[in-house]
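Peer 1: Enclosed is the structure file query_19.txt (compact mmCIF, N, CA and C atoms).
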# COMPACT_ATOMS: atom_id res chain seq x y z
N MET A 1 8.44 -31.70 -0.72
CA MET A 1 9.74 -32.30 -0.95
C MET A 1 10.76 -31.63 -0.03
N GLU A 2 11.57 -32.46 0.59
CA GLU A 2 12.62 -32.00 1.50
C GLU A 2 13.99 -32.31 0.90
N ILE A 3 15.02 -31.65 1.41
CA ILE A 3 16.38 -31.93 0.94
C ILE A 3 16.70 -33.41 1.11
N SER A 4 16.26 -34.01 2.19
CA SER A 4 16.55 -35.43 2.43
C SER A 4 15.92 -36.34 1.38
N ASP A 5 14.92 -35.83 0.64
CA ASP A 5 14.32 -36.60 -0.44
C ASP A 5 15.21 -36.65 -1.69
N ILE A 6 16.12 -35.69 -1.79
CA ILE A 6 16.94 -35.60 -3.00
C ILE A 6 18.43 -35.76 -2.76
N LEU A 7 18.83 -35.79 -1.48
CA LEU A 7 20.26 -35.82 -1.16
C LEU A 7 20.49 -36.72 0.05
N SER A 8 21.46 -37.61 -0.06
CA SER A 8 21.82 -38.45 1.09
C SER A 8 23.18 -37.99 1.61
N GLU A 9 23.42 -38.29 2.86
CA GLU A 9 24.66 -37.86 3.51
C GLU A 9 25.89 -38.40 2.80
N ASP A 10 25.78 -39.60 2.23
CA ASP A 10 26.95 -40.18 1.55
C ASP A 10 27.24 -39.51 0.21
N MET A 11 26.40 -38.58 -0.21
CA MET A 11 26.64 -37.83 -1.44
C MET A 11 27.10 -36.40 -1.15
N ILE A 12 27.73 -36.24 0.00
CA ILE A 12 28.32 -34.95 0.36
C ILE A 12 29.82 -35.13 0.49
N LEU A 13 30.55 -34.30 -0.23
CA LEU A 13 32.01 -34.31 -0.18
C LEU A 13 32.44 -33.08 0.62
N ALA A 14 33.09 -33.30 1.76
CA ALA A 14 33.34 -32.20 2.69
C ALA A 14 34.56 -31.34 2.38
N ASP A 15 35.56 -31.86 1.72
CA ASP A 15 36.75 -31.07 1.43
C ASP A 15 37.38 -31.51 0.12
N LEU A 16 36.74 -31.15 -0.96
CA LEU A 16 37.20 -31.55 -2.28
C LEU A 16 38.29 -30.61 -2.76
N ASN A 17 39.36 -31.17 -3.25
CA ASN A 17 40.45 -30.38 -3.83
C ASN A 17 40.33 -30.41 -5.35
N ALA A 18 40.33 -29.25 -5.96
CA ALA A 18 40.31 -29.14 -7.42
C ALA A 18 41.18 -27.95 -7.80
N ASP A 19 41.94 -28.11 -8.88
CA ASP A 19 42.83 -27.02 -9.28
C ASP A 19 42.28 -26.19 -10.43
N SER A 20 41.12 -26.58 -10.96
CA SER A 20 40.48 -25.80 -12.02
C SER A 20 39.01 -26.21 -12.09
N LYS A 21 38.24 -25.41 -12.77
CA LYS A 21 36.83 -25.74 -12.95
C LYS A 21 36.68 -27.05 -13.71
N ARG A 22 37.48 -27.23 -14.74
CA ARG A 22 37.42 -28.46 -15.53
C ARG A 22 37.75 -29.68 -14.66
N ASN A 23 38.80 -29.56 -13.84
CA ASN A 23 39.19 -30.65 -12.95
C ASN A 23 38.06 -30.95 -11.95
N LEU A 24 37.42 -29.93 -11.44
CA LEU A 24 36.29 -30.11 -10.53
C LEU A 24 35.17 -30.89 -11.22
N LEU A 25 34.79 -30.47 -12.42
CA LEU A 25 33.71 -31.13 -13.14
C LEU A 25 34.08 -32.57 -13.49
N GLU A 26 35.35 -32.82 -13.79
CA GLU A 26 35.80 -34.19 -14.06
C GLU A 26 35.64 -35.06 -12.81
N GLN A 27 36.03 -34.52 -11.66
CA GLN A 27 35.91 -35.28 -10.41
C GLN A 27 34.44 -35.58 -10.09
N LEU A 28 33.59 -34.59 -10.26
CA LEU A 28 32.17 -34.79 -9.99
C LEU A 28 31.57 -35.81 -10.95
N ALA A 29 31.97 -35.73 -12.22
CA ALA A 29 31.47 -36.69 -13.22
C ALA A 29 31.88 -38.12 -12.86
N THR A 30 33.07 -38.28 -12.32
CA THR A 30 33.54 -39.60 -11.91
C THR A 30 32.67 -40.17 -10.80
N VAL A 31 32.34 -39.34 -9.81
CA VAL A 31 31.48 -39.80 -8.71
C VAL A 31 30.10 -40.17 -9.24
N VAL A 32 29.52 -39.31 -10.07
CA VAL A 32 28.19 -39.59 -10.64
C VAL A 32 28.22 -40.90 -11.43
N ALA A 33 29.22 -41.05 -12.27
CA ALA A 33 29.32 -42.25 -13.10
C ALA A 33 29.43 -43.51 -12.25
N ASP A 34 30.23 -43.45 -11.20
CA ASP A 34 30.39 -44.60 -10.31
C ASP A 34 29.08 -44.92 -9.58
N LYS A 35 28.43 -43.92 -9.04
CA LYS A 35 27.20 -44.13 -8.26
C LYS A 35 26.01 -44.54 -9.12
N CYS A 36 25.99 -44.07 -10.36
CA CYS A 36 24.82 -44.31 -11.23
C CYS A 36 25.09 -45.32 -12.35
N SER A 37 26.25 -45.94 -12.33
CA SER A 37 26.63 -46.92 -13.36
C SER A 37 26.51 -46.35 -14.77
N LEU A 38 27.13 -45.19 -14.95
CA LEU A 38 27.13 -44.51 -16.25
C LEU A 38 28.56 -44.35 -16.74
N ASP A 39 28.70 -44.02 -18.01
CA ASP A 39 30.00 -43.75 -18.60
C ASP A 39 30.49 -42.37 -18.12
N ARG A 40 31.67 -42.34 -17.52
CA ARG A 40 32.20 -41.09 -16.97
C ARG A 40 32.33 -40.00 -18.02
N ASN A 41 32.81 -40.37 -19.21
CA ASN A 41 32.98 -39.36 -20.27
C ASN A 41 31.65 -38.79 -20.72
N ALA A 42 30.61 -39.62 -20.78
CA ALA A 42 29.28 -39.13 -21.17
C ALA A 42 28.74 -38.15 -20.13
N VAL A 43 28.95 -38.47 -18.86
CA VAL A 43 28.50 -37.58 -17.78
C VAL A 43 29.27 -36.26 -17.84
N PHE A 44 30.59 -36.35 -17.96
CA PHE A 44 31.41 -35.15 -18.02
C PHE A 44 31.01 -34.27 -19.21
N GLU A 45 30.86 -34.88 -20.37
CA GLU A 45 30.50 -34.11 -21.57
C GLU A 45 29.14 -33.41 -21.42
N ALA A 46 28.18 -34.09 -20.79
CA ALA A 46 26.85 -33.48 -20.59
C ALA A 46 26.95 -32.28 -19.64
N ILE A 47 27.71 -32.43 -18.56
CA ILE A 47 27.88 -31.33 -17.61
C ILE A 47 28.62 -30.17 -18.28
N LEU A 48 29.68 -30.49 -19.01
CA LEU A 48 30.47 -29.46 -19.69
C LEU A 48 29.65 -28.76 -20.77
N GLU A 49 28.85 -29.51 -21.50
CA GLU A 49 28.00 -28.91 -22.54
C GLU A 49 27.06 -27.89 -21.94
N ARG A 50 26.44 -28.22 -20.79
CA ARG A 50 25.56 -27.27 -20.13
C ARG A 50 26.34 -26.06 -19.64
N GLU A 51 27.51 -26.30 -19.10
CA GLU A 51 28.34 -25.21 -18.57
C GLU A 51 28.79 -24.27 -19.69
N ASN A 52 29.00 -24.81 -20.88
CA ASN A 52 29.41 -23.98 -22.02
C ASN A 52 28.30 -23.06 -22.50
N LEU A 53 27.05 -23.34 -22.14
CA LEU A 53 25.94 -22.45 -22.47
C LEU A 53 25.97 -21.19 -21.61
N GLY A 54 26.58 -21.29 -20.46
CA GLY A 54 26.67 -20.18 -19.53
C GLY A 54 27.03 -20.74 -18.17
N SER A 55 27.84 -20.02 -17.43
CA SER A 55 28.30 -20.50 -16.14
C SER A 55 27.14 -20.75 -15.19
N THR A 56 27.24 -21.84 -14.45
CA THR A 56 26.25 -22.14 -13.41
C THR A 56 26.74 -21.64 -12.05
N GLY A 57 27.72 -20.76 -12.06
CA GLY A 57 28.16 -20.07 -10.86
C GLY A 57 27.29 -18.84 -10.70
N TYR A 58 26.24 -18.97 -9.88
CA TYR A 58 25.22 -17.92 -9.80
C TYR A 58 25.48 -16.89 -8.72
N GLY A 59 26.63 -16.97 -8.06
CA GLY A 59 27.00 -15.94 -7.10
C GLY A 59 27.08 -16.45 -5.67
N ASN A 60 27.69 -15.60 -4.82
CA ASN A 60 27.84 -15.88 -3.40
C ASN A 60 28.62 -17.16 -3.11
N GLY A 61 29.52 -17.53 -4.01
CA GLY A 61 30.39 -18.67 -3.77
C GLY A 61 29.77 -20.02 -4.06
N VAL A 62 28.62 -20.04 -4.76
CA VAL A 62 27.92 -21.30 -5.00
C VAL A 62 27.80 -21.56 -6.50
N GLY A 63 28.06 -22.81 -6.89
CA GLY A 63 27.88 -23.24 -8.26
C GLY A 63 26.88 -24.38 -8.33
N TYR A 64 26.11 -24.43 -9.40
CA TYR A 64 25.06 -25.43 -9.58
C TYR A 64 25.22 -26.16 -10.91
N PRO A 65 26.30 -26.88 -11.12
CA PRO A 65 26.41 -27.61 -12.39
C PRO A 65 25.28 -28.63 -12.49
N HIS A 66 24.70 -28.72 -13.66
CA HIS A 66 23.60 -29.67 -13.85
C HIS A 66 23.51 -30.06 -15.32
N ALA A 67 22.91 -31.22 -15.54
CA ALA A 67 22.78 -31.72 -16.92
C ALA A 67 21.71 -32.80 -16.94
N ARG A 68 21.24 -33.04 -18.14
CA ARG A 68 20.34 -34.17 -18.39
C ARG A 68 21.19 -35.26 -19.03
N ILE A 69 21.03 -36.47 -18.54
CA ILE A 69 21.89 -37.58 -18.94
C ILE A 69 21.05 -38.73 -19.51
N GLU A 70 21.39 -39.12 -20.72
CA GLU A 70 20.73 -40.28 -21.34
C GLU A 70 21.08 -41.53 -20.54
N GLY A 71 20.08 -42.34 -20.24
CA GLY A 71 20.29 -43.60 -19.54
C GLY A 71 20.15 -43.50 -18.03
N LEU A 72 20.07 -42.29 -17.50
CA LEU A 72 19.88 -42.12 -16.06
C LEU A 72 18.42 -42.41 -15.72
N LYS A 73 18.20 -43.08 -14.61
CA LYS A 73 16.85 -43.51 -14.24
C LYS A 73 16.11 -42.51 -13.36
N LYS A 74 16.85 -41.75 -12.53
CA LYS A 74 16.21 -40.78 -11.65
C LYS A 74 17.17 -39.63 -11.38
N VAL A 75 16.64 -38.56 -10.82
CA VAL A 75 17.45 -37.40 -10.49
C VAL A 75 18.48 -37.79 -9.44
N PHE A 76 19.71 -37.30 -9.63
CA PHE A 76 20.81 -37.60 -8.73
C PHE A 76 21.46 -36.27 -8.33
N THR A 77 21.66 -36.08 -7.02
CA THR A 77 22.28 -34.84 -6.54
C THR A 77 23.44 -35.15 -5.62
N MET A 78 24.35 -34.21 -5.55
CA MET A 78 25.44 -34.27 -4.59
C MET A 78 25.88 -32.84 -4.26
N VAL A 79 26.47 -32.68 -3.10
CA VAL A 79 26.97 -31.38 -2.67
C VAL A 79 28.44 -31.55 -2.31
N ALA A 80 29.24 -30.59 -2.74
CA ALA A 80 30.67 -30.61 -2.41
C ALA A 80 31.08 -29.25 -1.87
N ARG A 81 31.84 -29.30 -0.81
CA ARG A 81 32.48 -28.08 -0.32
C ARG A 81 33.95 -28.18 -0.73
N LEU A 82 34.41 -27.18 -1.43
CA LEU A 82 35.79 -27.19 -1.91
C LEU A 82 36.74 -26.77 -0.80
N HIS A 83 37.93 -27.33 -0.85
CA HIS A 83 38.96 -27.00 0.13
C HIS A 83 39.27 -25.50 0.11
N SER A 84 39.28 -24.93 -1.09
CA SER A 84 39.48 -23.49 -1.23
C SER A 84 38.68 -23.01 -2.44
N PRO A 85 38.25 -21.73 -2.43
CA PRO A 85 37.45 -21.20 -3.55
C PRO A 85 38.19 -21.34 -4.87
N LEU A 86 37.40 -21.55 -5.91
CA LEU A 86 37.91 -21.84 -7.25
C LEU A 86 37.31 -20.84 -8.23
N ASP A 87 38.14 -20.38 -9.18
CA ASP A 87 37.61 -19.53 -10.25
C ASP A 87 36.63 -20.37 -11.06
N TYR A 88 35.37 -19.94 -11.10
CA TYR A 88 34.31 -20.72 -11.71
C TYR A 88 33.56 -19.91 -12.78
N ASP A 89 34.08 -18.75 -13.12
CA ASP A 89 33.41 -17.84 -14.06
C ASP A 89 32.02 -17.46 -13.56
N ALA A 90 31.89 -17.28 -12.25
CA ALA A 90 30.60 -16.94 -11.64
C ALA A 90 30.15 -15.55 -12.08
N VAL A 91 28.84 -15.34 -12.05
CA VAL A 91 28.28 -14.07 -12.50
C VAL A 91 28.77 -12.89 -11.67
N ASP A 92 29.12 -13.14 -10.39
CA ASP A 92 29.61 -12.05 -9.55
C ASP A 92 31.15 -12.02 -9.49
N SER A 93 31.79 -12.83 -10.32
CA SER A 93 33.26 -12.93 -10.40
C SER A 93 33.91 -13.39 -9.10
N GLN A 94 33.15 -13.91 -8.17
CA GLN A 94 33.68 -14.44 -6.92
C GLN A 94 34.08 -15.89 -7.10
N GLY A 95 35.01 -16.35 -6.29
CA GLY A 95 35.38 -17.76 -6.29
C GLY A 95 34.23 -18.60 -5.76
N VAL A 96 34.18 -19.84 -6.18
CA VAL A 96 33.13 -20.77 -5.76
C VAL A 96 33.73 -21.82 -4.83
N ASP A 97 33.07 -22.06 -3.69
CA ASP A 97 33.55 -23.08 -2.77
C ASP A 97 32.46 -24.06 -2.34
N ILE A 98 31.23 -23.85 -2.81
CA ILE A 98 30.13 -24.78 -2.55
C ILE A 98 29.52 -25.16 -3.90
N ILE A 99 29.42 -26.46 -4.13
CA ILE A 99 28.89 -26.97 -5.39
C ILE A 99 27.68 -27.86 -5.10
N ALA A 100 26.60 -27.59 -5.78
CA ALA A 100 25.42 -28.46 -5.73
C ALA A 100 25.23 -29.00 -7.13
N LEU A 101 25.60 -30.24 -7.34
CA LEU A 101 25.52 -30.87 -8.65
C LEU A 101 24.22 -31.66 -8.77
N MET A 102 23.59 -31.56 -9.92
CA MET A 102 22.39 -32.33 -10.18
C MET A 102 22.42 -32.84 -11.61
N VAL A 103 22.14 -34.13 -11.76
CA VAL A 103 21.94 -34.71 -13.08
C VAL A 103 20.59 -35.41 -13.06
N SER A 104 19.94 -35.40 -14.20
CA SER A 104 18.60 -35.99 -14.27
C SER A 104 18.40 -36.67 -15.62
N PRO A 105 17.40 -37.56 -15.67
CA PRO A 105 17.10 -38.22 -16.95
C PRO A 105 16.72 -37.18 -18.01
N GLU A 106 16.92 -37.54 -19.25
CA GLU A 106 16.64 -36.62 -20.36
C GLU A 106 15.23 -36.04 -20.33
N ASN A 107 14.25 -36.84 -19.95
CA ASN A 107 12.85 -36.40 -20.04
C ASN A 107 12.25 -36.05 -18.67
N SER A 108 13.06 -35.60 -17.74
CA SER A 108 12.57 -35.32 -16.38
C SER A 108 12.33 -33.83 -16.17
N GLY A 109 11.56 -33.22 -17.01
CA GLY A 109 11.35 -31.78 -16.96
C GLY A 109 10.99 -31.23 -15.59
N ASN A 110 9.88 -31.68 -15.01
CA ASN A 110 9.40 -31.12 -13.75
C ASN A 110 10.31 -31.51 -12.58
N ASP A 111 10.72 -32.77 -12.52
CA ASP A 111 11.61 -33.21 -11.43
C ASP A 111 12.93 -32.45 -11.47
N HIS A 112 13.46 -32.24 -12.65
CA HIS A 112 14.71 -31.50 -12.83
C HIS A 112 14.57 -30.08 -12.27
N LEU A 113 13.50 -29.40 -12.66
CA LEU A 113 13.30 -28.01 -12.22
C LEU A 113 13.02 -27.92 -10.73
N GLN A 114 12.21 -28.83 -10.20
CA GLN A 114 11.90 -28.80 -8.77
C GLN A 114 13.14 -29.05 -7.92
N THR A 115 13.95 -29.99 -8.34
CA THR A 115 15.17 -30.30 -7.58
C THR A 115 16.14 -29.14 -7.63
N LEU A 116 16.33 -28.56 -8.80
CA LEU A 116 17.22 -27.42 -8.94
C LEU A 116 16.72 -26.25 -8.10
N ALA A 117 15.42 -26.01 -8.09
CA ALA A 117 14.85 -24.93 -7.29
C ALA A 117 15.06 -25.17 -5.79
N MET A 118 14.91 -26.41 -5.35
CA MET A 118 15.10 -26.71 -3.93
C MET A 118 16.54 -26.47 -3.50
N LEU A 119 17.48 -26.95 -4.31
CA LEU A 119 18.89 -26.73 -4.00
C LEU A 119 19.21 -25.24 -3.98
N SER A 120 18.68 -24.53 -4.95
CA SER A 120 18.92 -23.09 -5.05
C SER A 120 18.36 -22.34 -3.84
N ARG A 121 17.15 -22.68 -3.44
CA ARG A 121 16.55 -22.02 -2.26
C ARG A 121 17.41 -22.24 -1.02
N ALA A 122 17.86 -23.46 -0.82
CA ALA A 122 18.67 -23.75 0.37
C ALA A 122 19.98 -22.97 0.34
N LEU A 123 20.63 -22.93 -0.83
CA LEU A 123 21.96 -22.34 -0.90
C LEU A 123 21.96 -20.83 -1.15
N LYS A 124 20.78 -20.24 -1.31
CA LYS A 124 20.69 -18.78 -1.33
C LYS A 124 20.64 -18.23 0.09
N ASN A 125 20.41 -19.12 1.04
CA ASN A 125 20.36 -18.74 2.45
C ASN A 125 21.79 -18.61 2.97
N GLN A 126 22.19 -17.39 3.29
CA GLN A 126 23.57 -17.13 3.71
C GLN A 126 23.93 -17.85 5.02
N LYS A 127 22.95 -18.03 5.90
CA LYS A 127 23.23 -18.74 7.15
C LYS A 127 23.57 -20.21 6.87
N ILE A 128 22.84 -20.82 5.96
CA ILE A 128 23.13 -22.21 5.59
C ILE A 128 24.51 -22.31 4.96
N CYS A 129 24.82 -21.40 4.05
CA CYS A 129 26.14 -21.42 3.40
C CYS A 129 27.25 -21.22 4.42
N GLN A 130 27.04 -20.35 5.38
CA GLN A 130 28.06 -20.13 6.41
C GLN A 130 28.28 -21.40 7.23
N LYS A 131 27.19 -22.08 7.58
CA LYS A 131 27.32 -23.34 8.33
C LYS A 131 28.05 -24.39 7.51
N ILE A 132 27.77 -24.44 6.22
CA ILE A 132 28.47 -25.39 5.34
C ILE A 132 29.97 -25.07 5.32
N ARG A 133 30.30 -23.80 5.22
CA ARG A 133 31.71 -23.41 5.16
C ARG A 133 32.43 -23.70 6.48
N GLN A 134 31.72 -23.67 7.60
CA GLN A 134 32.33 -23.91 8.90
C GLN A 134 32.27 -25.38 9.33
N ALA A 135 31.52 -26.19 8.61
CA ALA A 135 31.32 -27.59 9.00
C ALA A 135 32.64 -28.35 9.01
N LYS A 136 32.74 -29.28 9.94
CA LYS A 136 33.94 -30.09 10.07
C LYS A 136 33.79 -31.46 9.43
N SER A 137 32.60 -31.77 8.92
CA SER A 137 32.36 -33.10 8.34
C SER A 137 31.20 -33.06 7.36
N ALA A 138 31.09 -34.13 6.58
CA ALA A 138 29.95 -34.26 5.66
C ALA A 138 28.65 -34.29 6.45
N HIS A 139 28.67 -34.92 7.62
CA HIS A 139 27.46 -34.97 8.46
C HIS A 139 27.01 -33.56 8.84
N GLU A 140 27.93 -32.71 9.24
CA GLU A 140 27.57 -31.34 9.61
C GLU A 140 27.03 -30.56 8.42
N ILE A 141 27.56 -30.80 7.24
CA ILE A 141 27.04 -30.15 6.03
C ILE A 141 25.62 -30.63 5.78
N TYR A 142 25.40 -31.93 5.90
CA TYR A 142 24.08 -32.50 5.69
C TYR A 142 23.06 -31.91 6.67
N VAL A 143 23.45 -31.79 7.94
CA VAL A 143 22.57 -31.20 8.95
C VAL A 143 22.26 -29.74 8.59
N ALA A 144 23.27 -28.99 8.16
CA ALA A 144 23.06 -27.58 7.80
C ALA A 144 22.05 -27.45 6.66
N LEU A 145 22.09 -28.37 5.73
CA LEU A 145 21.17 -28.32 4.58
C LEU A 145 19.73 -28.67 4.96
N GLN A 146 19.53 -29.28 6.11
CA GLN A 146 18.18 -29.68 6.54
C GLN A 146 17.39 -28.50 7.07
N LYS A 147 18.03 -27.39 7.33
CA LYS A 147 17.35 -26.22 7.93
C LYS A 147 16.45 -25.52 6.96
Turn this file's structure into structure tokens for me.
Peer 2:
Amino acid sequence: MEISDILSEDMILADLNADSKRNLLEQLATVVADKCSLDRNAVFEAILERENLGSTGYGNGVGYPHARIEGLKKVFTMVARLHSPLDYDAVDSQGVDIIALMVSPENSGNDHLQTLAMLSRALKNQKICQKIRQAKSAHEIYVALQK
């Protein structure tokens, strides 16, 4: 499985503005709901419920919000680079400026874990993260993730 199998260039947001973690998650839920024909509030609540179990800000400026969504047909991913780092309650107390969001069907155990692992492997690479932070477009972010 390659990044291109789980992420398309049109699902990359190159300069997202958010003034809080909640506002960020609301914006992401809106995109997911629009792209997947789901109820925005249901998507937001699922993401928030998972986040309330413990922050998905795992360090080095990267957050991985994820949730299982009733009615979703397949795993859906998107990547956002924030205009400026945001307090995300990350484990290292650093601001987060790269978000890899994943939502999956309720019963997608293996696909959910494999997709999350792939995103995590890519974004633990500091060179990839640096290229994402320096990218001038969604296309450049997409290319950086292919490495």
Peer 1: Between CA of Glu9 (chain A) and CA of Gln146 (chain A), measure the distance and give it in Å to one decimal.
Peer 2: 10.9 Å
Peer 1: Considering only C-alpha atoms, can you say which of A:Met1, A:Leu113, A:Asp15, A:Asp97 comes closest to Lys136 (chain A)?
Peer 2: A:Asp15
Peer 1: DSSP on the backbone, then: every residue of chain A marked strand (DSSP E or B), written as a tab-separated table (two decimals) with N, CA and C atoms, in the frame of the given file.
Peer 2:
chain	number	residue	atom	x	y	z
A	12	ILE	N	27.73	-36.24	0.00
A	12	ILE	CA	28.32	-34.95	0.36
A	12	ILE	C	29.82	-35.13	0.49
A	13	LEU	N	30.55	-34.30	-0.23
A	13	LEU	CA	32.01	-34.31	-0.18
A	13	LEU	C	32.44	-33.08	0.62
A	14	ALA	N	33.09	-33.30	1.76
A	14	ALA	CA	33.34	-32.20	2.69
A	14	ALA	C	34.56	-31.34	2.38
A	15	ASP	N	35.56	-31.86	1.72
A	15	ASP	CA	36.75	-31.07	1.43
A	15	ASP	C	37.38	-31.51	0.12
A	16	LEU	N	36.74	-31.15	-0.96
A	16	LEU	CA	37.20	-31.55	-2.28
A	16	LEU	C	38.29	-30.61	-2.76
A	57	GLY	N	27.72	-20.76	-12.06
A	57	GLY	CA	28.16	-20.07	-10.86
A	57	GLY	C	27.29	-18.84	-10.70
A	58	TYR	N	26.24	-18.97	-9.88
A	58	TYR	CA	25.22	-17.92	-9.80
A	58	TYR	C	25.48	-16.89	-8.72
A	59	GLY	N	26.63	-16.97	-8.06
A	59	GLY	CA	27.00	-15.94	-7.10
A	59	GLY	C	27.08	-16.45	-5.67
A	62	VAL	N	28.62	-20.04	-4.76
A	62	VAL	CA	27.92	-21.30	-5.00
A	62	VAL	C	27.80	-21.56	-6.50
A	63	GLY	N	28.06	-22.81	-6.89
A	63	GLY	CA	27.88	-23.24	-8.26
A	63	GLY	C	26.88	-24.38	-8.33
A	66	HIS	N	24.70	-28.72	-13.66
A	66	HIS	CA	23.60	-29.67	-13.85
A	66	HIS	C	23.51	-30.06	-15.32
A	67	ALA	N	22.91	-31.22	-15.54
A	67	ALA	CA	22.78	-31.72	-16.92
A	67	ALA	C	21.71	-32.80	-16.94
A	68	ARG	N	21.24	-33.04	-18.14
A	68	ARG	CA	20.34	-34.17	-18.39
A	68	ARG	C	21.19	-35.26	-19.03
A	69	ILE	N	21.03	-36.47	-18.54
A	69	ILE	CA	21.89	-37.58	-18.94
A	69	ILE	C	21.05	-38.73	-19.51
A	76	PHE	N	19.71	-37.30	-9.63
A	76	PHE	CA	20.81	-37.60	-8.73
A	76	PHE	C	21.46	-36.27	-8.33
A	77	THR	N	21.66	-36.08	-7.02
A	77	THR	CA	22.28	-34.84	-6.54
A	77	THR	C	23.44	-35.15	-5.62
A	78	MET	N	24.35	-34.21	-5.55
A	78	MET	CA	25.44	-34.27	-4.59
A	78	MET	C	25.88	-32.84	-4.26
A	79	VAL	N	26.47	-32.68	-3.10
A	79	VAL	CA	26.97	-31.38	-2.67
A	79	VAL	C	28.44	-31.55	-2.31
A	80	ALA	N	29.24	-30.59	-2.74
A	80	ALA	CA	30.67	-30.61	-2.41
A	80	ALA	C	31.08	-29.25	-1.87
A	81	ARG	N	31.84	-29.30	-0.81
A	81	ARG	CA	32.48	-28.08	-0.32
A	81	ARG	C	33.95	-28.18	-0.73
A	82	LEU	N	34.41	-27.18	-1.43
A	82	LEU	CA	35.79	-27.19	-1.91
A	82	LEU	C	36.74	-26.77	-0.80
A	83	HIS	N	37.93	-27.33	-0.85
A	83	HIS	CA	38.96	-27.00	0.13
A	83	HIS	C	39.27	-25.50	0.11
A	84	SER	N	39.28	-24.93	-1.09
A	84	SER	CA	39.48	-23.49	-1.23
A	84	SER	C	38.68	-23.01	-2.44
A	85	PRO	N	38.25	-21.73	-2.43
A	85	PRO	CA	37.45	-21.20	-3.55
A	85	PRO	C	38.19	-21.34	-4.87
A	86	LEU	N	37.40	-21.55	-5.91
A	86	LEU	CA	37.91	-21.84	-7.25
A	86	LEU	C	37.31	-20.84	-8.23
A	96	VAL	N	34.18	-19.84	-6.18
A	96	VAL	CA	33.13	-20.77	-5.76
A	96	VAL	C	33.73	-21.82	-4.83
A	97	ASP	N	33.07	-22.06	-3.69
A	97	ASP	CA	33.55	-23.08	-2.77
A	97	ASP	C	32.46	-24.06	-2.34
A	98	ILE	N	31.23	-23.85	-2.81
A	98	ILE	CA	30.13	-24.78	-2.55
A	98	ILE	C	29.52	-25.16	-3.90
A	99	ILE	N	29.42	-26.46	-4.13
A	99	ILE	CA	28.89	-26.97	-5.39
A	99	ILE	C	27.68	-27.86	-5.10
A	100	ALA	N	26.60	-27.59	-5.78
A	100	ALA	CA	25.42	-28.46	-5.73
A	100	ALA	C	25.23	-29.00	-7.13
A	101	LEU	N	25.60	-30.24	-7.34
A	101	LEU	CA	25.52	-30.87	-8.65
A	101	LEU	C	24.22	-31.66	-8.77
A	102	MET	N	23.59	-31.56	-9.92
A	102	MET	CA	22.39	-32.33	-10.18
A	102	MET	C	22.42	-32.84	-11.61
A	103	VAL	N	22.14	-34.13	-11.76
A	103	VAL	CA	21.94	-34.71	-13.08
A	103	VAL	C	20.59	-35.41	-13.06
A	104	SER	N	19.94	-35.40	-14.20
A	104	SER	CA	18.60	-35.99	-14.27
A	104	SER	C	18.40	-36.67	-15.62
A	105	PRO	N	17.40	-37.56	-15.67
A	105	PRO	CA	17.10	-38.22	-16.95
A	105	PRO	C	16.72	-37.18	-18.01
Peer 1: How big is the axis-aligned box around the listed atoms of region 37-56 of chain A once 8 Å is added on each side, and where is its centre? Give both in Å to one decimal, as lines of an AutoDock Vina configuration file.
Peer 2:
center_x = 29.3
center_y = -33.5
center_z = -17.3
size_x = 23.4
size_y = 42.9
size_z = 26.5
Peer 1: Quick one: of A:Cys36, A:Ile3, A:Val96, A:Tyr88, who's nearest to Val62 (chain A), counting only N, CA and C atoms?
Peer 2: A:Val96
Peer 1: Quick one: residues within 10 Å of (15.6, -31.0, -14.0) (file frame), counting only C-alpha atoms, please, as a list in words.
Peer 2: His66, Ala67, Arg68, Val75, Phe76, Met102, Val103, Ser104, Pro105, Glu106, Asn107, Ser108, Gly109, Asn110, Asp111, His112, Leu113, Gln114, Thr115, Leu116 and Ala117 of chain A
Peer 1: Please determine, counting only C-alpha atoms, which residue among A:Leu28, A:Gly61, A:Arg50, A:Ile98 has the shortest atom-to-atom distance to Leu82 (chain A).
Peer 2: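 Once distances to Leu82 (chain A) are computed over only C-alpha atoms, the minimum belongs to A:Ile98.
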Peer 1: Give me the residues within 8 Å of Asp92 (chain A) as a PDB file with N, CA and C atoms, in the frame of the given file, counting only C-alpha atoms and dropping any in the same chain fewer than 2 places off.
Peer 2:
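File produced: part00.pdb:
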ATOM      1  N   TYR A  58      26.240 -18.970  -9.880  1.00  0.00           N
ATOM      2  CA  TYR A  58      25.220 -17.920  -9.800  1.00  0.00           C
ATOM      3  C   TYR A  58      25.480 -16.890  -8.720  1.00  0.00           C
ATOM      4  N   GLY A  59      26.630 -16.970  -8.060  1.00  0.00           N
ATOM      5  CA  GLY A  59      27.000 -15.940  -7.100  1.00  0.00           C
ATOM      6  C   GLY A  59      27.080 -16.450  -5.670  1.00  0.00           C
ATOM      7  N   ASN A  60      27.690 -15.600  -4.820  1.00  0.00           N
ATOM      8  CA  ASN A  60      27.840 -15.880  -3.400  1.00  0.00           C
ATOM      9  C   ASN A  60      28.620 -17.160  -3.110  1.00  0.00           C
ATOM     10  N   ALA A  90      31.890 -17.280 -12.250  1.00  0.00           N
ATOM     11  CA  ALA A  90      30.600 -16.940 -11.640  1.00  0.00           C
ATOM     12  C   ALA A  90      30.150 -15.550 -12.080  1.00  0.00           C
ATOM     13  N   GLN A  94      33.150 -13.910  -8.170  1.00  0.00           N
ATOM     14  CA  GLN A  94      33.680 -14.440  -6.920  1.00  0.00           C
ATOM     15  C   GLN A  94      34.080 -15.890  -7.100  1.00  0.00           C
TER      16      GLN A  94
END
Peer 1: Please return, as a list in words, all polymer residues that have at least one atom within 9 Å of the point (40.3, -21.7, -2.8); use only C-alpha atoms and the file's own coordinate frame.
Peer 2: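 Checking each residue against the 9 Å limit leaves Asn17, Ala18, Asp19, Leu82, His83, Ser84, Pro85, Leu86, Asp87, Gly95, Val96 and Asp97 of chain A.
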Peer 1: Which is closest to Ile6 (chain A) among A:Lys35, A:Arg22, A:Lys74, A:Arg40, if we use only C-alpha atoms?
Peer 2: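 Using only C-alpha atoms, Ile6 (chain A) sits closest to A:Lys74.
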